[in-house]
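Beneath this line is the structure, given in structure tokens, with notes to follow.
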Amino acid sequence: MLHKTSVTLIIAGVISVLFISGCGSSVNLSLKFSPEDTAAYKATTDVIKDYRFDQPNLDKLVEQQTKTRVVMEYSQAVQDVDENGNASIKVTINELKIDIINKNETAFSFDSRNEKDQKAPMAKLLGQSYTIKVTPSGRVTAVIAKEALAAVKSQYEKKIAKSILAPKIITKRHEIVALPKNSMANHSVKSSWSKVVPSPPGLLAPKSYEKTYTLTAIDDDIATIEMVAGESAKPVESNASTSDSMGVFAKMFDNVDDYTGSMQIDLTAGQVLKFEETLISSYVAQEIQEHGDPDTLTMRFTNSVKLEKLN
């Protein structure tokens, strides 16, 4: 009788251990802010349009690329935190690199680390600051950047400055979209959440995407979140057509999308360590020739955002 009881207790104990191990720990994925907290980040955005028209029978190939890349290194300091954990953050621009290419030709280039650019009009942005308000779930609810914009006087450069300091662009730079809306709740490994979003501006045929985020690992208080996205039939109110849209001509192309992302967050500090999301959308159309290989037109749109903690 004692033997049977012991065996029963051992089995119950093993099952209990397996159950607890399988479930894993639950964690809070919210950002944490305290007054005077500081951090430094590098934010990179790429918007690329590639065009390739291959006519093998005529031995003709046309390739063009239009690209805008903005790389900003900045420091941030928490000014105050309200009772709901929302933080007002001062962001100061430390380094800036901008490359604009229009059909393979350089339209604008600036690198604050190059000596020749240190007296250029865009150099006035170095040391300038703007203020954002961020929630524990990573949403940016307010942006104040008038003073930073006023630092650039030259008309052409001011237009470029507006394109990187407009409220929508600043929001995109700082908003942590990978976090769930209920980030204050507990989440365990394999927990997932979804959201439907409009395609980024510039896509050849605007559409909606459903992003699915999954908490894939918790290791030494570092949580890893992976994202995959696919086209969604659910409309998004802000998903309006852009001037680049092909309209009905989009149906003439075969379209393949690759939309993925990942993030790592320090659960103890409540700070993002790495974040990246990239959409590559390809459109291909072919015209069959009577003899030889078909003519092939390929257009590809790439939109990438990346954030890296520097210290």
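Ordered as shown in the structure tokens, chains take letters A, B, and onward, while each chain numbers its residues from 1 and ligands are numbered from 1 in the order shown.
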Find the spatial neighbours of Ile48 of chain A, counting only C-alpha atoms, within a cut-off of 12 Å - ignore same-chain residues fewer than 3 positions away - and output them as a compact mmCIF listing (two decimals) with all heavy atoms, in the first residue's frame.
# COMPACT_ATOMS: atom_id res chain seq x y z
N THR A 45 15.39 53.86 -41.71
CA THR A 45 14.23 53.59 -42.57
C THR A 45 14.69 53.56 -44.02
O THR A 45 15.51 54.37 -44.45
CB THR A 45 13.14 54.67 -42.42
OG1 THR A 45 13.66 55.95 -42.76
CG2 THR A 45 12.61 54.72 -40.99
N TYR A 51 12.95 48.83 -60.50
CA TYR A 51 12.30 48.61 -61.80
C TYR A 51 13.27 47.85 -62.69
O TYR A 51 14.43 48.25 -62.84
CB TYR A 51 11.93 49.96 -62.42
CG TYR A 51 11.42 49.90 -63.85
CD1 TYR A 51 10.06 49.85 -64.11
CD2 TYR A 51 12.31 49.93 -64.93
CE1 TYR A 51 9.59 49.81 -65.43
CE2 TYR A 51 11.85 49.89 -66.24
CZ TYR A 51 10.49 49.83 -66.48
OH TYR A 51 10.02 49.78 -67.78
N GLN A 64 16.35 50.32 -62.91
CA GLN A 64 16.34 51.62 -62.22
C GLN A 64 15.97 51.41 -60.76
O GLN A 64 15.18 50.53 -60.43
CB GLN A 64 15.34 52.58 -62.87
CG GLN A 64 15.70 53.03 -64.26
CD GLN A 64 14.68 53.99 -64.84
OE1 GLN A 64 13.56 54.12 -64.33
NE2 GLN A 64 15.04 54.66 -65.92
N GLN A 65 16.55 52.27 -59.92
CA GLN A 65 16.20 52.22 -58.50
C GLN A 65 15.96 53.64 -58.00
O GLN A 65 16.73 54.55 -58.28
CB GLN A 65 17.30 51.57 -57.67
CG GLN A 65 16.92 51.42 -56.20
CD GLN A 65 18.00 50.73 -55.38
OE1 GLN A 65 18.94 51.37 -54.94
NE2 GLN A 65 17.85 49.42 -55.17
N THR A 66 14.88 53.79 -57.25
CA THR A 66 14.59 55.03 -56.53
C THR A 66 14.57 54.68 -55.05
O THR A 66 13.88 53.73 -54.65
CB THR A 66 13.24 55.62 -56.98
OG1 THR A 66 13.35 56.01 -58.35
CG2 THR A 66 12.88 56.84 -56.15
N LYS A 67 15.31 55.42 -54.26
CA LYS A 67 15.50 55.01 -52.87
C LYS A 67 15.65 56.21 -51.95
O LYS A 67 16.29 57.20 -52.30
CB LYS A 67 16.77 54.14 -52.77
CG LYS A 67 17.17 53.72 -51.36
CD LYS A 67 18.43 52.86 -51.41
CE LYS A 67 18.89 52.46 -50.02
NZ LYS A 67 20.09 51.59 -50.06
N THR A 68 15.06 56.09 -50.77
CA THR A 68 15.28 57.07 -49.70
C THR A 68 15.68 56.32 -48.44
O THR A 68 14.94 55.45 -47.98
CB THR A 68 14.01 57.90 -49.42
OG1 THR A 68 13.66 58.63 -50.59
CG2 THR A 68 14.26 58.89 -48.28
N ARG A 69 16.86 56.65 -47.93
CA ARG A 69 17.34 56.05 -46.68
C ARG A 69 17.62 57.15 -45.68
O ARG A 69 18.30 58.13 -46.00
CB ARG A 69 18.59 55.21 -46.90
CG ARG A 69 19.33 54.90 -45.60
CD ARG A 69 20.45 53.92 -45.76
NE ARG A 69 19.92 52.54 -45.76
CZ ARG A 69 20.67 51.48 -45.53
NH1 ARG A 69 21.97 51.58 -45.33
NH2 ARG A 69 20.13 50.28 -45.51
N VAL A 70 17.09 56.99 -44.48
CA VAL A 70 17.35 57.93 -43.38
C VAL A 70 17.85 57.14 -42.19
O VAL A 70 17.20 56.19 -41.73
CB VAL A 70 16.08 58.72 -42.99
CG1 VAL A 70 16.37 59.65 -41.80
CG2 VAL A 70 15.55 59.52 -44.18
N ASP A 99 20.17 59.67 -47.70
CA ASP A 99 20.51 59.40 -49.09
C ASP A 99 19.22 59.29 -49.89
O ASP A 99 18.34 58.48 -49.56
CB ASP A 99 21.31 58.10 -49.23
CG ASP A 99 22.72 58.24 -48.67
OD1 ASP A 99 23.47 59.10 -49.17
OD2 ASP A 99 23.05 57.50 -47.73
N ILE A 100 19.11 60.11 -50.94
CA ILE A 100 17.94 60.09 -51.81
C ILE A 100 18.43 59.83 -53.23
O ILE A 100 19.22 60.61 -53.78
CB ILE A 100 17.14 61.40 -51.75
CG1 ILE A 100 16.69 61.68 -50.32
CG2 ILE A 100 15.94 61.34 -52.68
CD1 ILE A 100 15.99 63.02 -50.14
N ILE A 101 17.98 58.72 -53.81
CA ILE A 101 18.36 58.34 -55.17
C ILE A 101 17.10 58.32 -56.03
O ILE A 101 16.09 57.71 -55.65
CB ILE A 101 19.04 56.96 -55.19
CG1 ILE A 101 20.33 57.02 -54.36
CG2 ILE A 101 19.33 56.51 -56.61
CD1 ILE A 101 20.96 55.65 -54.14
N ASN A 102 17.15 58.97 -57.17
CA ASN A 102 16.01 59.03 -58.09
C ASN A 102 16.43 58.44 -59.43
O ASN A 102 17.23 59.02 -60.15
CB ASN A 102 15.54 60.48 -58.27
CG ASN A 102 14.28 60.55 -59.11
OD1 ASN A 102 13.55 59.58 -59.25
ND2 ASN A 102 14.03 61.72 -59.71
N LYS A 103 15.91 57.26 -59.73
CA LYS A 103 16.22 56.55 -60.97
C LYS A 103 17.73 56.46 -61.19
O LYS A 103 18.26 56.89 -62.22
CB LYS A 103 15.53 57.24 -62.16
CG LYS A 103 14.01 57.18 -62.09
CD LYS A 103 13.37 57.86 -63.28
CE LYS A 103 11.85 57.77 -63.19
NZ LYS A 103 11.18 58.46 -64.34
N ASN A 104 18.39 55.92 -60.20
CA ASN A 104 19.84 55.65 -60.21
C ASN A 104 20.71 56.90 -60.02
O ASN A 104 21.93 56.77 -59.88
CB ASN A 104 20.29 54.94 -61.50
CG ASN A 104 19.63 53.59 -61.69
OD1 ASN A 104 19.19 52.97 -60.74
ND2 ASN A 104 19.58 53.13 -62.93
N PRO A 200 2.21 50.38 -46.43
CA PRO A 200 2.94 51.64 -46.34
C PRO A 200 2.73 52.47 -47.60
O PRO A 200 2.52 51.92 -48.68
CB PRO A 200 4.41 51.20 -46.23
CG PRO A 200 4.41 49.73 -46.04
CD PRO A 200 3.08 49.21 -46.45
N PRO A 201 2.82 53.80 -47.50
CA PRO A 201 2.70 54.66 -48.68
C PRO A 201 3.76 54.28 -49.72
O PRO A 201 4.91 54.02 -49.38
CB PRO A 201 2.95 56.06 -48.12
CG PRO A 201 2.61 55.96 -46.67
CD PRO A 201 2.99 54.57 -46.25
N GLY A 202 3.33 54.25 -50.98
CA GLY A 202 4.27 53.94 -52.05
C GLY A 202 4.08 52.57 -52.66
O GLY A 202 4.64 52.29 -53.73
N LEU A 203 3.32 51.69 -51.99
CA LEU A 203 3.08 50.37 -52.56
C LEU A 203 2.31 50.53 -53.88
O LEU A 203 1.40 51.35 -53.99
CB LEU A 203 2.28 49.50 -51.59
CG LEU A 203 2.17 48.02 -51.97
CD1 LEU A 203 3.52 47.33 -51.87
CD2 LEU A 203 1.17 47.32 -51.08
N LEU A 204 2.68 49.73 -54.88
CA LEU A 204 2.11 49.89 -56.22
C LEU A 204 0.61 49.63 -56.26
O LEU A 204 -0.11 50.22 -57.05
CB LEU A 204 2.83 48.95 -57.19
CG LEU A 204 4.32 49.28 -57.39
CD1 LEU A 204 5.00 48.20 -58.22
CD2 LEU A 204 4.50 50.64 -58.02
N THR A 278 10.16 44.44 -42.22
CA THR A 278 10.47 44.68 -43.63
C THR A 278 9.38 44.07 -44.51
O THR A 278 9.02 42.90 -44.36
CB THR A 278 11.83 44.07 -44.02
OG1 THR A 278 12.85 44.65 -43.22
CG2 THR A 278 12.13 44.33 -45.49
N LEU A 279 8.88 44.88 -45.44
CA LEU A 279 7.95 44.42 -46.46
C LEU A 279 8.66 44.47 -47.81
O LEU A 279 9.20 45.51 -48.20
CB LEU A 279 6.71 45.31 -46.51
CG LEU A 279 5.81 45.14 -47.76
CD1 LEU A 279 5.22 43.73 -47.81
CD2 LEU A 279 4.71 46.20 -47.78
N ILE A 280 8.67 43.33 -48.51
CA ILE A 280 9.17 43.28 -49.89
C ILE A 280 8.02 42.78 -50.75
O ILE A 280 7.56 41.64 -50.60
CB ILE A 280 10.38 42.33 -50.02
CG1 ILE A 280 11.52 42.79 -49.10
CG2 ILE A 280 10.86 42.30 -51.47
CD1 ILE A 280 12.70 41.84 -49.08
N SER A 281 7.52 43.66 -51.61
CA SER A 281 6.38 43.33 -52.45
C SER A 281 6.83 43.36 -53.91
O SER A 281 7.27 44.40 -54.41
CB SER A 281 5.24 44.33 -52.22
OG SER A 281 4.07 43.94 -52.94
N SER A 282 6.72 42.21 -54.60
CA SER A 282 7.21 42.10 -55.98
C SER A 282 6.04 41.92 -56.94
O SER A 282 5.10 41.15 -56.67
CB SER A 282 8.16 40.91 -56.11
OG SER A 282 9.28 41.06 -55.26
N MET A 299 8.72 44.83 -60.92
CA MET A 299 8.75 46.01 -60.07
C MET A 299 8.69 45.54 -58.62
O MET A 299 7.85 44.71 -58.28
CB MET A 299 7.60 46.96 -60.40
CG MET A 299 7.73 47.61 -61.76
SD MET A 299 6.43 48.84 -62.11
CE MET A 299 5.05 47.74 -62.39
N ARG A 300 9.59 46.07 -57.81
CA ARG A 300 9.64 45.62 -56.42
C ARG A 300 9.66 46.84 -55.49
O ARG A 300 10.38 47.81 -55.71
CB ARG A 300 10.89 44.77 -56.17
CG ARG A 300 10.94 44.16 -54.77
CD ARG A 300 12.06 43.15 -54.62
NE ARG A 300 13.38 43.78 -54.74
CZ ARG A 300 14.26 43.50 -55.69
NH1 ARG A 300 13.95 42.62 -56.65
NH2 ARG A 300 15.43 44.09 -55.73
N PHE A 301 8.85 46.74 -54.45
CA PHE A 301 8.75 47.80 -53.45
C PHE A 301 9.25 47.25 -52.11
O PHE A 301 8.79 46.19 -51.67
CB PHE A 301 7.30 48.28 -53.31
CG PHE A 301 7.07 49.25 -52.17
CD1 PHE A 301 7.45 50.58 -52.28
CD2 PHE A 301 6.48 48.83 -50.99
CE1 PHE A 301 7.24 51.48 -51.24
CE2 PHE A 301 6.27 49.70 -49.95
CZ PHE A 301 6.65 51.04 -50.07
N THR A 302 10.18 47.95 -51.48
CA THR A 302 10.72 47.54 -50.18
C THR A 302 10.53 48.66 -49.18
O THR A 302 10.89 49.81 -49.45
CB THR A 302 12.22 47.20 -50.28
OG1 THR A 302 12.42 46.17 -51.26
CG2 THR A 302 12.76 46.73 -48.94
N ASN A 303 9.96 48.32 -48.05
CA ASN A 303 9.80 49.29 -46.96
C ASN A 303 10.33 48.64 -45.69
O ASN A 303 9.85 47.58 -45.28
CB ASN A 303 8.32 49.68 -46.78
CG ASN A 303 8.15 50.78 -45.75
OD1 ASN A 303 8.21 50.53 -44.55
ND2 ASN A 303 7.89 51.99 -46.21
N SER A 304 11.34 49.26 -45.09
CA SER A 304 11.98 48.66 -43.93
C SER A 304 12.18 49.69 -42.83
O SER A 304 12.57 50.83 -43.09
CB SER A 304 13.35 48.09 -44.34
OG SER A 304 14.06 47.60 -43.22
N VAL A 305 11.88 49.27 -41.60
CA VAL A 305 12.14 50.11 -40.42
C VAL A 305 12.96 49.29 -39.44
O VAL A 305 12.72 48.09 -39.25
CB VAL A 305 10.84 50.62 -39.75
CG1 VAL A 305 10.09 51.55 -40.67
CG2 VAL A 305 9.96 49.46 -39.34
Name the residues of segment 24-175 of chain A that come out as alpha helix (DSSP H) in a backbone DSSP run; write them as a short mmCIF file (atom, residue, chain, number, x, y, z; two decimals) with N, CA, C and O atoms, in the first residue's frame.
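out.cif, freshly written:
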data_model
loop_
_atom_site.label_atom_id
_atom_site.label_comp_id
_atom_site.auth_asym_id
_atom_site.auth_seq_id
_atom_site.Cartn_x
_atom_site.Cartn_y
_atom_site.Cartn_z
N LYS A 146 8.40 71.58 -33.54
CA LYS A 146 8.47 72.86 -34.25
C LYS A 146 9.85 73.51 -34.15
O LYS A 146 10.38 74.05 -35.13
N GLU A 147 10.45 73.48 -32.98
CA GLU A 147 11.74 74.14 -32.80
C GLU A 147 12.83 73.47 -33.62
O GLU A 147 13.69 74.14 -34.20
N ALA A 148 12.81 72.16 -33.69
CA ALA A 148 13.81 71.44 -34.48
C ALA A 148 13.67 71.79 -35.96
O ALA A 148 14.67 72.03 -36.66
N LEU A 149 12.43 71.84 -36.45
CA LEU A 149 12.20 72.18 -37.85
C LEU A 149 12.66 73.60 -38.16
O LEU A 149 13.18 73.88 -39.25
N ALA A 150 12.48 74.50 -37.22
CA ALA A 150 12.84 75.91 -37.44
C ALA A 150 14.35 76.11 -37.60
O ALA A 150 14.79 77.14 -38.10
N GLN A 155 15.48 76.52 -48.17
CA GLN A 155 14.17 76.06 -48.62
C GLN A 155 14.17 74.58 -49.00
O GLN A 155 13.30 73.82 -48.58
N TYR A 156 15.15 74.14 -49.81
CA TYR A 156 15.19 72.75 -50.26
C TYR A 156 15.43 71.80 -49.08
O TYR A 156 14.73 70.80 -48.92
N GLU A 157 16.41 72.12 -48.25
CA GLU A 157 16.72 71.27 -47.11
C GLU A 157 15.58 71.28 -46.08
O GLU A 157 15.35 70.28 -45.40
N LYS A 158 14.87 72.39 -46.00
CA LYS A 158 13.74 72.46 -45.05
C LYS A 158 12.65 71.46 -45.45
O LYS A 158 12.02 70.83 -44.60
N LYS A 159 12.47 71.32 -46.76
CA LYS A 159 11.49 70.34 -47.25
C LYS A 159 11.90 68.92 -46.85
O LYS A 159 11.06 68.11 -46.44
N ILE A 160 13.19 68.63 -46.94
CA ILE A 160 13.68 67.31 -46.54
C ILE A 160 13.56 67.13 -45.03
O ILE A 160 13.18 66.07 -44.54
N ALA A 161 13.87 68.21 -44.28
CA ALA A 161 13.75 68.15 -42.82
C ALA A 161 12.31 67.84 -42.41
O ALA A 161 12.07 67.06 -41.48
N LYS A 162 11.35 68.43 -43.11
CA LYS A 162 9.94 68.16 -42.82
C LYS A 162 9.61 66.69 -43.07
O LYS A 162 8.78 66.10 -42.37
N SER A 163 10.26 66.09 -44.08
CA SER A 163 9.95 64.70 -44.42
C SER A 163 10.47 63.73 -43.36
O SER A 163 10.03 62.57 -43.31
N ILE A 164 11.41 64.16 -42.50
CA ILE A 164 11.90 63.27 -41.45
C ILE A 164 11.44 63.71 -40.06
O ILE A 164 11.62 62.97 -39.09
N LEU A 165 10.85 64.92 -39.97
CA LEU A 165 10.39 65.40 -38.68
C LEU A 165 8.89 65.70 -38.65
O LEU A 165 8.39 66.30 -37.70
N PRO A 167 5.08 64.87 -37.92
CA PRO A 167 4.53 64.06 -36.82
C PRO A 167 4.33 62.59 -37.17
O PRO A 167 4.65 61.70 -36.37
N LYS A 168 3.83 62.29 -38.38
CA LYS A 168 3.60 60.89 -38.77
C LYS A 168 4.91 60.12 -38.88
O LYS A 168 4.98 58.94 -38.52
N ILE A 169 5.96 60.80 -39.37
CA ILE A 169 7.25 60.14 -39.53
C ILE A 169 7.90 59.92 -38.17
O ILE A 169 8.49 58.85 -37.90
N ILE A 170 7.82 60.90 -37.30
CA ILE A 170 8.36 60.75 -35.94
C ILE A 170 7.64 59.62 -35.21
O ILE A 170 8.26 58.80 -34.52
N THR A 171 6.32 59.57 -35.37
CA THR A 171 5.54 58.49 -34.75
C THR A 171 6.01 57.13 -35.24
O THR A 171 6.22 56.20 -34.46
N LYS A 172 6.21 57.00 -36.56
CA LYS A 172 6.68 55.74 -37.13
C LYS A 172 8.05 55.37 -36.59
O LYS A 172 8.33 54.20 -36.34
N ARG A 173 8.90 56.38 -36.36
CA ARG A 173 10.26 56.12 -35.88
C ARG A 173 10.26 55.58 -34.45
O ARG A 173 11.08 54.73 -34.10
N HIS A 174 9.34 56.05 -33.62
CA HIS A 174 9.39 55.74 -32.20
C HIS A 174 8.32 54.77 -31.71
O HIS A 174 8.46 54.20 -30.62
#
*What does the distance from atom CA of Gly138 of chain A to atom CA of Ile176 of chain A come to in Å, to one decimal?*
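Atom CA of Gly138 of chain A sits 4.6 Å away from atom CA of Ile176 of chain A.
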Please, which residues of segment 38-165 of chain A, numbered as in this document, come out strand (DSSP E) from DSSP, as a compact mmCIF listing (two decimals) with C-alpha atoms, in the first residue's frame?
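Written output follows (selection_9.txt):
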# COMPACT_ATOMS: atom_id res chain seq x y z
CA THR A 38 18.21 57.87 -20.65
CA ALA A 39 19.03 55.69 -23.65
CA ALA A 40 20.56 55.99 -27.12
CA TYR A 41 19.19 54.44 -30.31
CA LYS A 42 19.87 54.16 -34.03
CA ALA A 43 16.79 54.30 -36.27
CA THR A 44 16.98 53.35 -39.96
CA THR A 45 14.23 53.59 -42.57
CA ASP A 46 14.45 52.47 -46.19
CA VAL A 47 11.90 53.02 -48.95
CA ILE A 48 13.04 51.44 -52.22
CA LYS A 49 11.41 51.07 -55.63
CA ASP A 50 13.19 48.78 -58.09
CA TYR A 51 12.30 48.61 -61.80
CA ARG A 52 13.65 45.96 -64.19
CA PHE A 53 12.57 45.41 -67.80
CA ASP A 54 14.32 42.51 -69.51
CA GLN A 55 13.94 41.90 -73.28
CA LYS A 60 17.97 44.92 -73.81
CA LEU A 61 17.87 45.38 -70.04
CA VAL A 62 16.72 48.46 -68.17
CA GLU A 63 17.22 48.63 -64.39
CA GLN A 64 16.34 51.62 -62.22
CA GLN A 65 16.20 52.22 -58.50
CA THR A 66 14.59 55.03 -56.53
CA LYS A 67 15.50 55.01 -52.87
CA THR A 68 15.28 57.07 -49.70
CA ARG A 69 17.34 56.05 -46.68
CA VAL A 70 17.35 57.93 -43.38
CA VAL A 71 19.62 56.90 -40.52
CA MET A 72 19.27 58.81 -37.25
CA GLU A 73 21.20 58.26 -34.05
CA TYR A 74 19.54 59.92 -31.10
CA SER A 75 19.52 60.04 -27.34
CA GLN A 76 16.33 60.15 -25.31
CA ALA A 77 15.61 61.33 -21.80
CA VAL A 78 12.39 60.77 -19.88
CA GLN A 79 11.06 64.13 -18.65
CA ASP A 80 8.11 62.92 -16.59
CA VAL A 81 5.77 59.97 -16.17
CA ALA A 87 6.08 59.19 -20.49
CA SER A 88 7.06 62.53 -21.99
CA ILE A 89 10.41 61.97 -23.68
CA LYS A 90 12.90 64.48 -25.05
CA VAL A 91 14.67 63.16 -28.13
CA THR A 92 17.95 64.78 -29.24
CA ILE A 93 19.44 64.20 -32.70
CA ASN A 94 23.12 63.20 -32.46
CA GLU A 95 23.95 61.89 -35.94
CA LEU A 96 22.07 61.97 -39.24
CA LYS A 97 22.56 60.35 -42.65
CA ILE A 98 20.23 60.89 -45.60
CA ASP A 99 20.51 59.40 -49.09
CA ILE A 100 17.94 60.09 -51.81
CA ILE A 101 18.36 58.34 -55.17
CA ASN A 102 16.01 59.03 -58.09
CA GLU A 105 20.88 59.30 -59.83
CA THR A 106 21.82 60.80 -56.46
CA ALA A 107 19.33 63.58 -55.74
CA PHE A 108 20.51 64.39 -52.21
CA SER A 109 23.15 63.13 -49.82
CA PHE A 110 24.07 64.19 -46.30
CA ASP A 111 26.22 62.51 -43.67
CA SER A 129 15.40 68.10 -29.91
CA TYR A 130 11.74 67.19 -30.16
CA THR A 131 9.30 65.80 -27.59
CA ILE A 132 7.10 62.72 -27.81
CA LYS A 133 4.61 61.13 -25.46
CA VAL A 134 4.74 57.31 -25.30
CA VAL A 140 3.12 57.57 -29.57
CA THR A 141 0.25 59.88 -28.65
CA ALA A 142 1.82 63.33 -29.09
CA VAL A 143 4.68 64.95 -31.02
CA ILE A 144 6.18 68.44 -30.66
*Rank nothing, just name the residue among A:Asp59, A:Glu83, A:Glu290, A:Asp220 nearest to Ile265 of chain A, using only C-alpha atoms.*
A:Asp220
*For atom CA of Gln271 of chain A and atom CA of Asp219 of chain A, determine how far apart the two atoms are, in Å to one decimal place.*
15.1 Å
*Would you mind reading off the distance between atom CA of Asn186 of chain A and atom CA of Arg139 of chain A, one decimal, in Å?*
18.4 Å
*Out of A:Leu179, A:Leu273, A:Leu125, A:Val284, which residue has the shortest atom-to-atom distance to Asn28 of chain A when counting only C-alpha atoms?*
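Smallest distance to Asn28 of chain A is found for A:Leu179.
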